Amino acid sequence: MEDLGPVAWPPEPLRTERLVLRESEGRDRAAFIELLASPDVHTYLGGPRPRDELERELSGVPARWPGSFVVDLDGSMIGQILLRRATGHRRPAAVGKADLGYLFLPRAWGCGYATEACAAALGWFAGALPGEPVVLTTQTANAGSMRLAAKLGFTEVERFEAWGAEQWLGMWSPVTASR
């Protein structure tokens, strides 16, 4: 994955009704470790990383690059939104397109935060890179992620086998999303 290219970064924080999407800060380190070490978060992502390894490797301000948003609720990180170029994607339909990824702490699940945050990130992306589509890949077994993709307006491009499971590739276009 690569960054998004010619976009001004970091943007002003994106504000929704309940959330702020912003660049990471030093105060987010513990939440990043919790997020990356969580077996629940990584059920469909190949498993969690060891907490001691994360403690050693994560810098004071983790995940600070164009396209990486911290999702903040009332001053605390509850998740991360990633928008990166899918340069090495396994599926030709996705190569070179922006790829949406997201991780939320289990305590934030079921509250609509992922939908709210991803919609804000896609809105920002549509303004920063008008007309560009975005792809999303998830395991079909991940019912929550499949529901989120549908709510956000992603349409199925294909299903394929990878990492020992059926995967779903969807695409979002700012042109069709605004209709």
# chains A, B, ... in the order shown; residues from 1 in each chain; ligands from 1
$ residues_around --residues "Met146 of chain A" --least-positions-apart "4" --cutoff "10 Å" --atoms "only C-alpha atoms" --output "list of chain:residue names"
A:Leu136, A:Thr137, A:Thr138, A:Gln139, A:Thr140, A:Ala141, A:Asn142, A:Ala150, A:Lys151, A:Phe154, A:Trp168, A:Gly170
$ write_last_selection --atoms "N, CA, C and O atoms" --output "JSON list (two decimals), in the first residue's frame"
[["chain", "number", "residue", "atom", "x", "y", "z"],
["A", 136, "LEU", "N", -12.88, -1.73, -1.12],
["A", 136, "LEU", "CA", -12.91, -2.28, 0.23],
["A", 136, "LEU", "C", -12.93, -3.79, 0.08],
["A", 136, "LEU", "O", -13.67, -4.33, -0.74],
["A", 137, "THR", "N", -12.09, -4.47, 0.85],
["A", 137, "THR", "CA", -12.06, -5.93, 0.85],
["A", 137, "THR", "C", -12.31, -6.42, 2.27],
["A", 137, "THR", "O", -11.75, -5.88, 3.21],
["A", 138, "THR", "N", -13.17, -7.42, 2.38],
["A", 138, "THR", "CA", -13.45, -8.03, 3.68],
["A", 138, "THR", "C", -13.80, -9.50, 3.48],
["A", 138, "THR", "O", -14.19, -9.90, 2.38],
["A", 139, "GLN", "N", -13.67, -10.27, 4.53],
["A", 139, "GLN", "CA", -14.13, -11.65, 4.47],
["A", 139, "GLN", "C", -15.65, -11.66, 4.47],
["A", 139, "GLN", "O", -16.29, -10.90, 5.22],
["A", 140, "THR", "N", -16.25, -12.52, 3.65],
["A", 140, "THR", "CA", -17.71, -12.61, 3.64],
["A", 140, "THR", "C", -18.24, -13.08, 4.99],
["A", 140, "THR", "O", -19.38, -12.77, 5.34],
["A", 141, "ALA", "N", -17.44, -13.80, 5.77],
["A", 141, "ALA", "CA", -17.86, -14.24, 7.10],
["A", 141, "ALA", "C", -17.97, -13.09, 8.09],
["A", 141, "ALA", "O", -18.61, -13.23, 9.13],
["A", 142, "ASN", "N", -17.37, -11.96, 7.79],
["A", 142, "ASN", "CA", -17.41, -10.80, 8.68],
["A", 142, "ASN", "C", -18.71, -10.03, 8.43],
["A", 142, "ASN", "O", -18.74, -9.06, 7.68],
["A", 150, "ALA", "N", -22.30, -2.22, 2.73],
["A", 150, "ALA", "CA", -23.59, -1.94, 2.10],
["A", 150, "ALA", "C", -24.12, -0.56, 2.53],
["A", 150, "ALA", "O", -24.58, 0.21, 1.68],
["A", 151, "LYS", "N", -24.04, -0.24, 3.81],
["A", 151, "LYS", "CA", -24.51, 1.07, 4.29],
["A", 151, "LYS", "C", -23.76, 2.22, 3.64],
["A", 151, "LYS", "O", -24.32, 3.28, 3.39],
["A", 154, "PHE", "N", -20.96, 0.66, -1.04],
["A", 154, "PHE", "CA", -20.04, -0.15, -1.84],
["A", 154, "PHE", "C", -20.85, -1.20, -2.58],
["A", 154, "PHE", "O", -21.79, -1.78, -2.02],
["A", 168, "TRP", "N", -14.57, -10.63, -0.12],
["A", 168, "TRP", "CA", -15.50, -9.80, -0.88],
["A", 168, "TRP", "C", -14.79, -8.51, -1.25],
["A", 168, "TRP", "O", -14.18, -7.87, -0.38],
["A", 170, "GLY", "N", -15.50, -4.83, -2.89],
["A", 170, "GLY", "CA", -16.53, -3.87, -3.29],
["A", 170, "GLY", "C", -15.90, -2.57, -3.73],
["A", 170, "GLY", "O", -14.74, -2.28, -3.41]]
$ closest_residue --among "A:Phe104, A:Ala165, A:Leu129, A:Val71" --to "Leu14 of chain A" --atoms "only C-alpha atoms"
A:Val71
$ select_by_dssp --residues "segment 2-155 of chain A" --states "helix (DSSP H, G or I)" --output "count of residues only"
48
$ residues_around --residues "segment 35-41 of chain A" --least-positions-apart "4" --cutoff "7 Å" --atoms "only C-alpha atoms" --output "PyMOL selection string"
chain A and resi 31+47-51+103+105-106
$ select_by_dssp --residues "segment 106-154 of chain A" --states "strand (DSSP E or B)" --output "PyMOL selection string"
chain A and resi 134-139
$ closest_residue --among "A:Glu57, A:Glu23, A:Asp74, A:Glu116" --to "Pro11 of chain A" --atoms "only C-alpha atoms"
A:Glu23
